[in-house]
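Everything below concerns the one structure shown next.
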Amino acid sequence: AEETVTHSVTVQPFAQEIACEEGETVLEAAVRQGLFLRYGCRHGGCGTCKALLADGEVATSGSSFALSSGERAEGWVLLCSSRPVADCVVDVTSMELTEDEFRAGDQVGTFEAEVVEVDALTHDIRGLTLLLREPPSMTFRAGQFVNVEVPGTTQVRSYSIANAPQDDGRVELVIKLLPGGSFSAYLESAVAVGDRLRLHGPLGELKLRLSHRKVLMVAGGSGLAPFLSILRDMERRGRPRDVELLYGARRRRDLYRLEEIERLAAAIPSLVFTPVLSDADGEDWSGETGLVTELIARRFPTIEGYDAYLAGPPAMIEATVPLLTDRGVRPANVKFDAFV
Ligand code: FES
């Protein structure tokens, strides 16, 4: 019989040894052995599963914005994309997990949901409203996302939840249609009210943390969704924070839920909302123009003392994160979700 190579991985600060089988990622091995580590996308795109490799060696993959070259050089790895090639020690202190959370295992649930509405929010963005059936509700925080199984496959796609947490079992997703995308193809041609979809979640660390700092939200394209959730939640609870929301899109027709954000900005006086178009030529538009990074550079010569939350295409995240940290936002206070 062929022998499979197993490497031992010690997870600090919990001094917990796990066995990682050949081809298995550290994250998969930990979850399989009943432990919990923070994760989001599971494919190297979000940076949530970042940890220090204190000893040993792993084969890694993962995108550059989820882990900068500087972080790589310092020994940070993405546990969802790291397969040990020797015995290892990883340090997950930066995940800020309690020992109880770590030992409770993966609490992320699987839900059966029913399609109740499909909305054309723009020419290429759809709003998909689901009603959870089994179990009938999900406890999530504003700003989180779910992984949705593409019907008929085992693939999942990550989509932000746009509604505020409520007990009514509704989950409103915002989905950008991508040419050739399998979930896009389903949404464009096959989707019908009453369809059943399977979700996993809630996931993601974009949820607003408790602090007294001002908040900068930067949304690109369909990336407005988590901020809609956070702002709707803020309005519902009547607990406003000082928020600057910058919303970048290419053209006027790419902006969605504009009336609602304007209504929220009127209801939350501490919310300053600025849409910005990168391609306003020939548009009926008197607002800001240019890239969202250019708007930040113009408006904030310094931006110390803010918490920054970003959601949008990888290129926007990649360009914006260094701009914010150069202007004084502490790297630990920058959170992002990158979705295409
Ligand atoms: Fe590892 Fe997203 S879970 S990068």
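In the structure tokens, each chain is lettered A, B, ... as it comes, each chain's residues begin at 1, and ligands are numbered from 1 in order of appearance.
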
Do you know which residues are at most 12 Å from Glu283 in chain A counting only C-alpha atoms, after dropping those on the same chain fewer than 4 positions away, and could you put them as a list in words?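 Listing them by chain and then by number gives Arg250, Arg251, Arg252, Arg253, Leu277, Ser278, Asp279, Gly287 and Thr289 of chain A.
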
Output file for the residues above (all heavy atoms, as a CSV table (one decimal), in the first residue's frame):
```csv
chain,number,residue,atom,x,y,z
A,250,ARG,N,-17.6,52.9,-12.6
A,250,ARG,CA,-17.2,53.4,-13.9
A,250,ARG,C,-18.1,54.5,-14.4
A,250,ARG,O,-17.7,55.7,-14.6
A,250,ARG,CB,-17.1,52.3,-14.9
A,250,ARG,CG,-16.4,52.8,-16.2
A,250,ARG,CD,-16.0,51.6,-17.1
A,250,ARG,NE,-14.9,50.9,-16.4
A,250,ARG,CZ,-14.7,49.6,-16.5
A,250,ARG,NH1,-15.4,48.8,-17.3
A,250,ARG,NH2,-13.7,49.0,-15.9
A,251,ARG,N,-19.3,54.2,-14.6
A,251,ARG,CA,-20.3,55.2,-15.2
A,251,ARG,C,-21.5,55.2,-14.3
A,251,ARG,O,-21.7,54.4,-13.4
A,251,ARG,CB,-20.7,54.8,-16.6
A,251,ARG,CG,-19.4,54.8,-17.5
A,251,ARG,CD,-19.8,54.5,-19.0
A,251,ARG,NE,-20.5,55.5,-19.6
A,251,ARG,CZ,-19.9,56.6,-20.2
A,251,ARG,NH1,-18.6,56.7,-20.2
A,251,ARG,NH2,-20.6,57.5,-20.8
A,252,ARG,N,-22.4,56.2,-14.6
A,252,ARG,CA,-23.6,56.4,-13.8
A,252,ARG,C,-24.5,55.1,-13.8
A,252,ARG,O,-25.0,54.8,-12.7
A,252,ARG,CB,-24.4,57.5,-14.6
A,252,ARG,CG,-25.7,58.0,-13.9
A,252,ARG,CD,-25.4,59.0,-12.9
A,252,ARG,NE,-26.6,59.6,-12.3
A,252,ARG,CZ,-27.4,58.9,-11.5
A,252,ARG,NH1,-27.2,57.7,-11.1
A,252,ARG,NH2,-28.5,59.5,-11.0
A,253,ARG,N,-24.5,54.4,-14.9
A,253,ARG,CA,-25.4,53.2,-14.9
A,253,ARG,C,-24.8,52.1,-14.1
A,253,ARG,O,-25.4,51.0,-13.9
A,253,ARG,CB,-25.5,52.8,-16.4
A,253,ARG,CG,-24.2,52.3,-17.0
A,253,ARG,CD,-24.5,51.6,-18.3
A,253,ARG,NE,-23.3,50.9,-18.7
A,253,ARG,CZ,-23.3,49.9,-19.6
A,253,ARG,NH1,-24.4,49.5,-20.1
A,253,ARG,NH2,-22.2,49.3,-19.9
A,277,LEU,N,-17.2,58.7,-10.2
A,277,LEU,CA,-17.2,58.0,-11.5
A,277,LEU,C,-15.8,58.1,-12.2
A,277,LEU,O,-15.3,59.2,-12.3
A,277,LEU,CB,-18.3,58.6,-12.4
A,277,LEU,CG,-19.7,58.4,-12.0
A,277,LEU,CD1,-20.6,58.9,-13.1
A,277,LEU,CD2,-20.1,57.0,-11.6
A,278,SER,N,-15.3,57.0,-12.6
A,278,SER,CA,-14.0,57.0,-13.3
A,278,SER,C,-14.1,57.3,-14.8
A,278,SER,O,-13.1,57.7,-15.4
A,278,SER,CB,-13.3,55.7,-13.1
A,278,SER,OG,-14.0,54.7,-13.7
A,279,ASP,N,-15.3,57.2,-15.3
A,279,ASP,CA,-15.5,57.4,-16.8
A,279,ASP,C,-16.7,58.3,-17.0
A,279,ASP,O,-17.8,57.7,-17.4
A,279,ASP,CB,-15.6,56.1,-17.5
A,279,ASP,CG,-15.7,56.2,-19.0
A,279,ASP,OD1,-15.5,57.4,-19.5
A,279,ASP,OD2,-15.9,55.2,-19.7
A,287,GLY,N,-21.0,65.3,-10.0
A,287,GLY,CA,-20.3,64.8,-8.8
A,287,GLY,C,-18.8,64.6,-9.1
A,287,GLY,O,-18.2,65.1,-10.1
A,289,THR,N,-15.2,62.9,-10.0
A,289,THR,CA,-14.7,62.1,-11.1
A,289,THR,C,-13.3,61.6,-10.8
A,289,THR,O,-12.6,62.2,-10.0
A,289,THR,CB,-14.8,62.8,-12.4
A,289,THR,OG1,-13.9,64.0,-12.3
A,289,THR,CG2,-16.2,63.2,-12.8
```

Could you pull out all residues of range 249-307 of chain A with a DSSP call of helix (DSSP H, G or I) and give them as a PyMOL selection string? chain A and resi 252-254+258-267+292-299

At most 9 Å is the cut-off: for each residue in range 68-148 of chain A with any atom that close to an atom of range 169-178 of chain A, write down the nearest atom pair and the distance in Å rounded to one decimal, counting only C-alpha atoms, chain first then increasing number, as CSV.
```
residue,atom,partner,partner_atom,distance
A:Ala113,CA,A:Val171,CA,8.8
A:Leu121,CA,A:Val174,CA,8.5
A:His123,CA,A:Leu177,CA,8.9
A:Asp124,CA,A:Leu177,CA,5.2
A:Ile125,CA,A:Lys176,CA,4.4
A:Arg126,CA,A:Ile175,CA,5.2
A:Gly127,CA,A:Val174,CA,4.7
A:Leu128,CA,A:Leu173,CA,5.1
A:Thr129,CA,A:Glu172,CA,4.4
A:Leu130,CA,A:Val171,CA,5.1
A:Leu131,CA,A:Arg170,CA,4.6
A:Leu132,CA,A:Gly169,CA,5.1
A:Arg133,CA,A:Gly169,CA,7.8
A:Pro135,CA,A:Gly169,CA,8.9
A:Pro136,CA,A:Gly169,CA,5.7
A:Ser137,CA,A:Gly169,CA,4.4
A:Met138,CA,A:Gly169,CA,6.7
A:Phe145,CA,A:Leu173,CA,8.6
A:Val146,CA,A:Leu173,CA,8.8
```

Minimum-distance residue to Val292 in chain A, chosen among A:Thr274, A:Ala190, A:Arg72, A:Val108 (using only C-alpha atoms):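 Among the listed residues, A:Thr274 lies closest to Val292 in chain A.
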
7 Å from ligand 1 is the threshold here; counting only C-alpha atoms and all ligand atoms, which polymer residues fall inside it? Answer as a list in words.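 These are the residues that qualify: Tyr39, Gly40, Cys41, Arg42, His43, Gly44, Gly45, Cys46, Gly47, Thr48, Cys49, Lys50, Gly62, Ala66, Leu78, Leu79, Cys80 and Ser81 of chain A.
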
Using the selection just defined, write its residues with C-alpha atoms as a CSV table (one decimal), in the first residue's frame.
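Output contents, as saved in part-v4.csv:
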```csv
chain,number,residue,atom,x,y,z
A,39,TYR,CA,-11.1,32.0,7.4
A,40,GLY,CA,-13.2,33.6,4.7
A,41,CYS,CA,-12.9,32.7,1.0
A,42,ARG,CA,-10.7,29.5,1.4
A,43,HIS,CA,-8.9,30.3,-1.8
A,44,GLY,CA,-6.2,32.8,-0.9
A,45,GLY,CA,-8.2,35.9,-1.8
A,46,CYS,CA,-9.2,37.6,1.5
A,47,GLY,CA,-6.3,37.3,4.0
A,48,THR,CA,-8.5,36.3,6.9
A,49,CYS,CA,-6.6,33.1,7.5
A,50,LYS,CA,-3.2,34.9,7.8
A,62,GLY,CA,-2.6,33.0,-2.8
A,66,ALA,CA,-4.2,39.1,0.5
A,78,LEU,CA,-2.3,32.0,4.3
A,79,LEU,CA,-3.4,28.8,6.1
A,80,CYS,CA,-6.1,28.1,3.5
A,81,SER,CA,-3.4,28.0,0.8
```

Could you give me the residues within range 90-235 of chain A that DSSP places in strand (DSSP E), as a PyMOL selection string? chain A and resi 90-91+109-120+125-134+145-149+156-160+170-176+196-203+214-220

Please provide as a PDB file with N, CA, C and O atoms, in the first residue's frame all residues within 9 Å of Ser222 in chain A, with the sequence filter that same-chain residues fewer than 2 positions apart are discarded (counting only C-alpha atoms).
```pdb
ATOM      1  N   ILE A 125     -25.347  43.900 -12.490  1.00  0.00           N
ATOM      2  CA  ILE A 125     -25.371  43.543 -11.065  1.00  0.00           C
ATOM      3  C   ILE A 125     -26.786  43.099 -10.695  1.00  0.00           C
ATOM      4  O   ILE A 125     -27.758  43.774 -11.026  1.00  0.00           O
ATOM      5  N   VAL A 174     -25.723  40.615  -3.305  1.00  0.00           N
ATOM      6  CA  VAL A 174     -25.487  41.449  -4.477  1.00  0.00           C
ATOM      7  C   VAL A 174     -24.423  40.761  -5.315  1.00  0.00           C
ATOM      8  O   VAL A 174     -23.346  40.431  -4.817  1.00  0.00           O
ATOM      9  N   ILE A 175     -24.738  40.516  -6.576  1.00  0.00           N
ATOM     10  CA  ILE A 175     -23.881  39.665  -7.401  1.00  0.00           C
ATOM     11  C   ILE A 175     -23.558  40.337  -8.725  1.00  0.00           C
ATOM     12  O   ILE A 175     -24.452  40.733  -9.473  1.00  0.00           O
ATOM     13  N   LYS A 176     -22.280  40.466  -8.985  1.00  0.00           N
ATOM     14  CA  LYS A 176     -21.839  41.028 -10.259  1.00  0.00           C
ATOM     15  C   LYS A 176     -21.803  39.908 -11.285  1.00  0.00           C
ATOM     16  O   LYS A 176     -21.201  38.853 -11.056  1.00  0.00           O
ATOM     17  N   ALA A 219     -15.983  51.617  -1.306  1.00  0.00           N
ATOM     18  CA  ALA A 219     -16.676  50.572  -2.053  1.00  0.00           C
ATOM     19  C   ALA A 219     -16.381  50.741  -3.529  1.00  0.00           C
ATOM     20  O   ALA A 219     -16.353  51.851  -4.043  1.00  0.00           O
ATOM     21  N   GLY A 220     -16.147  49.629  -4.209  1.00  0.00           N
ATOM     22  CA  GLY A 220     -15.978  49.661  -5.658  1.00  0.00           C
ATOM     23  C   GLY A 220     -16.924  48.663  -6.291  1.00  0.00           C
ATOM     24  O   GLY A 220     -17.022  47.528  -5.835  1.00  0.00           O
ATOM     25  N   LEU A 224     -20.403  47.639  -2.761  1.00  0.00           N
ATOM     26  CA  LEU A 224     -21.207  48.469  -1.860  1.00  0.00           C
ATOM     27  C   LEU A 224     -21.994  47.618  -0.856  1.00  0.00           C
ATOM     28  O   LEU A 224     -22.354  48.089   0.227  1.00  0.00           O
ATOM     29  N   ALA A 225     -22.276  46.368  -1.211  1.00  0.00           N
ATOM     30  CA  ALA A 225     -23.201  45.534  -0.423  1.00  0.00           C
ATOM     31  C   ALA A 225     -22.894  45.463   1.074  1.00  0.00           C
ATOM     32  O   ALA A 225     -23.791  45.710   1.889  1.00  0.00           O
ATOM     33  N   ALA A 249     -17.385  53.853  -9.172  1.00  0.00           N
ATOM     34  CA  ALA A 249     -17.904  53.027 -10.255  1.00  0.00           C
ATOM     35  C   ALA A 249     -17.429  53.640 -11.565  1.00  0.00           C
ATOM     36  O   ALA A 249     -16.868  54.739 -11.569  1.00  0.00           O
ATOM     37  N   ASP A 254     -23.568  52.227 -13.572  1.00  0.00           N
ATOM     38  CA  ASP A 254     -22.981  51.172 -12.734  1.00  0.00           C
ATOM     39  C   ASP A 254     -23.257  51.368 -11.241  1.00  0.00           C
ATOM     40  O   ASP A 254     -22.892  50.524 -10.430  1.00  0.00           O
ATOM     41  N   LEU A 255     -23.844  52.509 -10.899  1.00  0.00           N
ATOM     42  CA  LEU A 255     -24.155  52.764  -9.483  1.00  0.00           C
ATOM     43  C   LEU A 255     -25.508  52.146  -9.152  1.00  0.00           C
ATOM     44  O   LEU A 255     -26.445  52.253  -9.925  1.00  0.00           O
ATOM     45  N   TYR A 256     -25.606  51.516  -8.000  1.00  0.00           N
ATOM     46  CA  TYR A 256     -26.901  50.971  -7.610  1.00  0.00           C
ATOM     47  C   TYR A 256     -27.267  51.407  -6.187  1.00  0.00           C
ATOM     48  O   TYR A 256     -26.403  51.845  -5.422  1.00  0.00           O
ATOM     49  N   ALA A 311     -14.217  47.252   0.166  1.00  0.00           N
ATOM     50  CA  ALA A 311     -14.798  46.099  -0.525  1.00  0.00           C
ATOM     51  C   ALA A 311     -14.920  46.442  -1.997  1.00  0.00           C
ATOM     52  O   ALA A 311     -15.433  47.503  -2.354  1.00  0.00           O
ATOM     53  N   GLY A 312     -14.419  45.558  -2.827  1.00  0.00           N
ATOM     54  CA  GLY A 312     -14.478  45.818  -4.256  1.00  0.00           C
ATOM     55  C   GLY A 312     -13.531  44.923  -5.009  1.00  0.00           C
ATOM     56  O   GLY A 312     -13.044  43.926  -4.474  1.00  0.00           O
ATOM     57  N   PRO A 313     -13.265  45.270  -6.259  1.00  0.00           N
ATOM     58  CA  PRO A 313     -12.388  44.436  -7.080  1.00  0.00           C
ATOM     59  C   PRO A 313     -10.955  44.421  -6.528  1.00  0.00           C
ATOM     60  O   PRO A 313     -10.509  45.414  -5.953  1.00  0.00           O
ATOM     61  N   PHE A 339     -13.682  41.130  -3.915  1.00  0.00           N
ATOM     62  CA  PHE A 339     -14.516  40.271  -4.758  1.00  0.00           C
ATOM     63  C   PHE A 339     -14.439  40.783  -6.172  1.00  0.00           C
ATOM     64  O   PHE A 339     -14.347  41.980  -6.384  1.00  0.00           O
ATOM     65  N   VAL A 340     -14.480  39.896  -7.116  1.00  0.00           N
ATOM     66  CA  VAL A 340     -14.523  40.376  -8.500  1.00  0.00           C
ATOM     67  C   VAL A 340     -15.927  40.807  -8.832  1.00  0.00           C
ATOM     68  O   VAL A 340     -16.890  40.410  -8.237  1.00  0.00           O
TER      69      VAL A 340
END
```

For Leu27 in chain A, find every residue with an atom within 7 Å (counting only C-alpha atoms), except residues of its own chain fewer than 2 positions away, and show them as an NGL selection string. :A and (25 or 29-31 or 37 or 79-80)

For Ala297 in chain A, the nearest of the candidates A:Leu67, A:Leu310, A:Leu323, A:Ile317, counting only C-alpha atoms: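 Answer, going by the shortest atom-to-atom distance: A:Leu323.
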
Hey, can you check how far CA of Gly328 in chain A sits from CA of Leu53 in chain A?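 Straight-line distance from CA of Gly328 in chain A to CA of Leu53 in chain A works out to 27.7 Å.
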
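Compared by their closest atoms to Ala185 in chain A, and using only C-alpha atoms, the residues A:Pro269, A:Phe300, A:Pro151, A:Asn333 rank with A:Pro151 nearest.
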
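Using only C-alpha atoms, the shortest contact distance between Tyr306 in chain A and any of A:Val116, A:Ala54, A:Val276, A:Leu324 is found at A:Leu324.
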
I want to know what sits within 7 Å of Lys207 in chain A, based on only C-alpha atoms, with residues of the same chain fewer than 2 positions away left out; could you give that as a ChimeraX atom specification? /A:141-144,205,209

With a distance cut-off of 12 Å and only C-alpha atoms, select the neighbouring residues of Glu304 in chain A, excluding the residue or stretch itself and same-chain residues fewer than 2 positions from it, and output the selection as a ChimeraX atom specification. /A:213-216,300-302,306-308,323-331,333-334
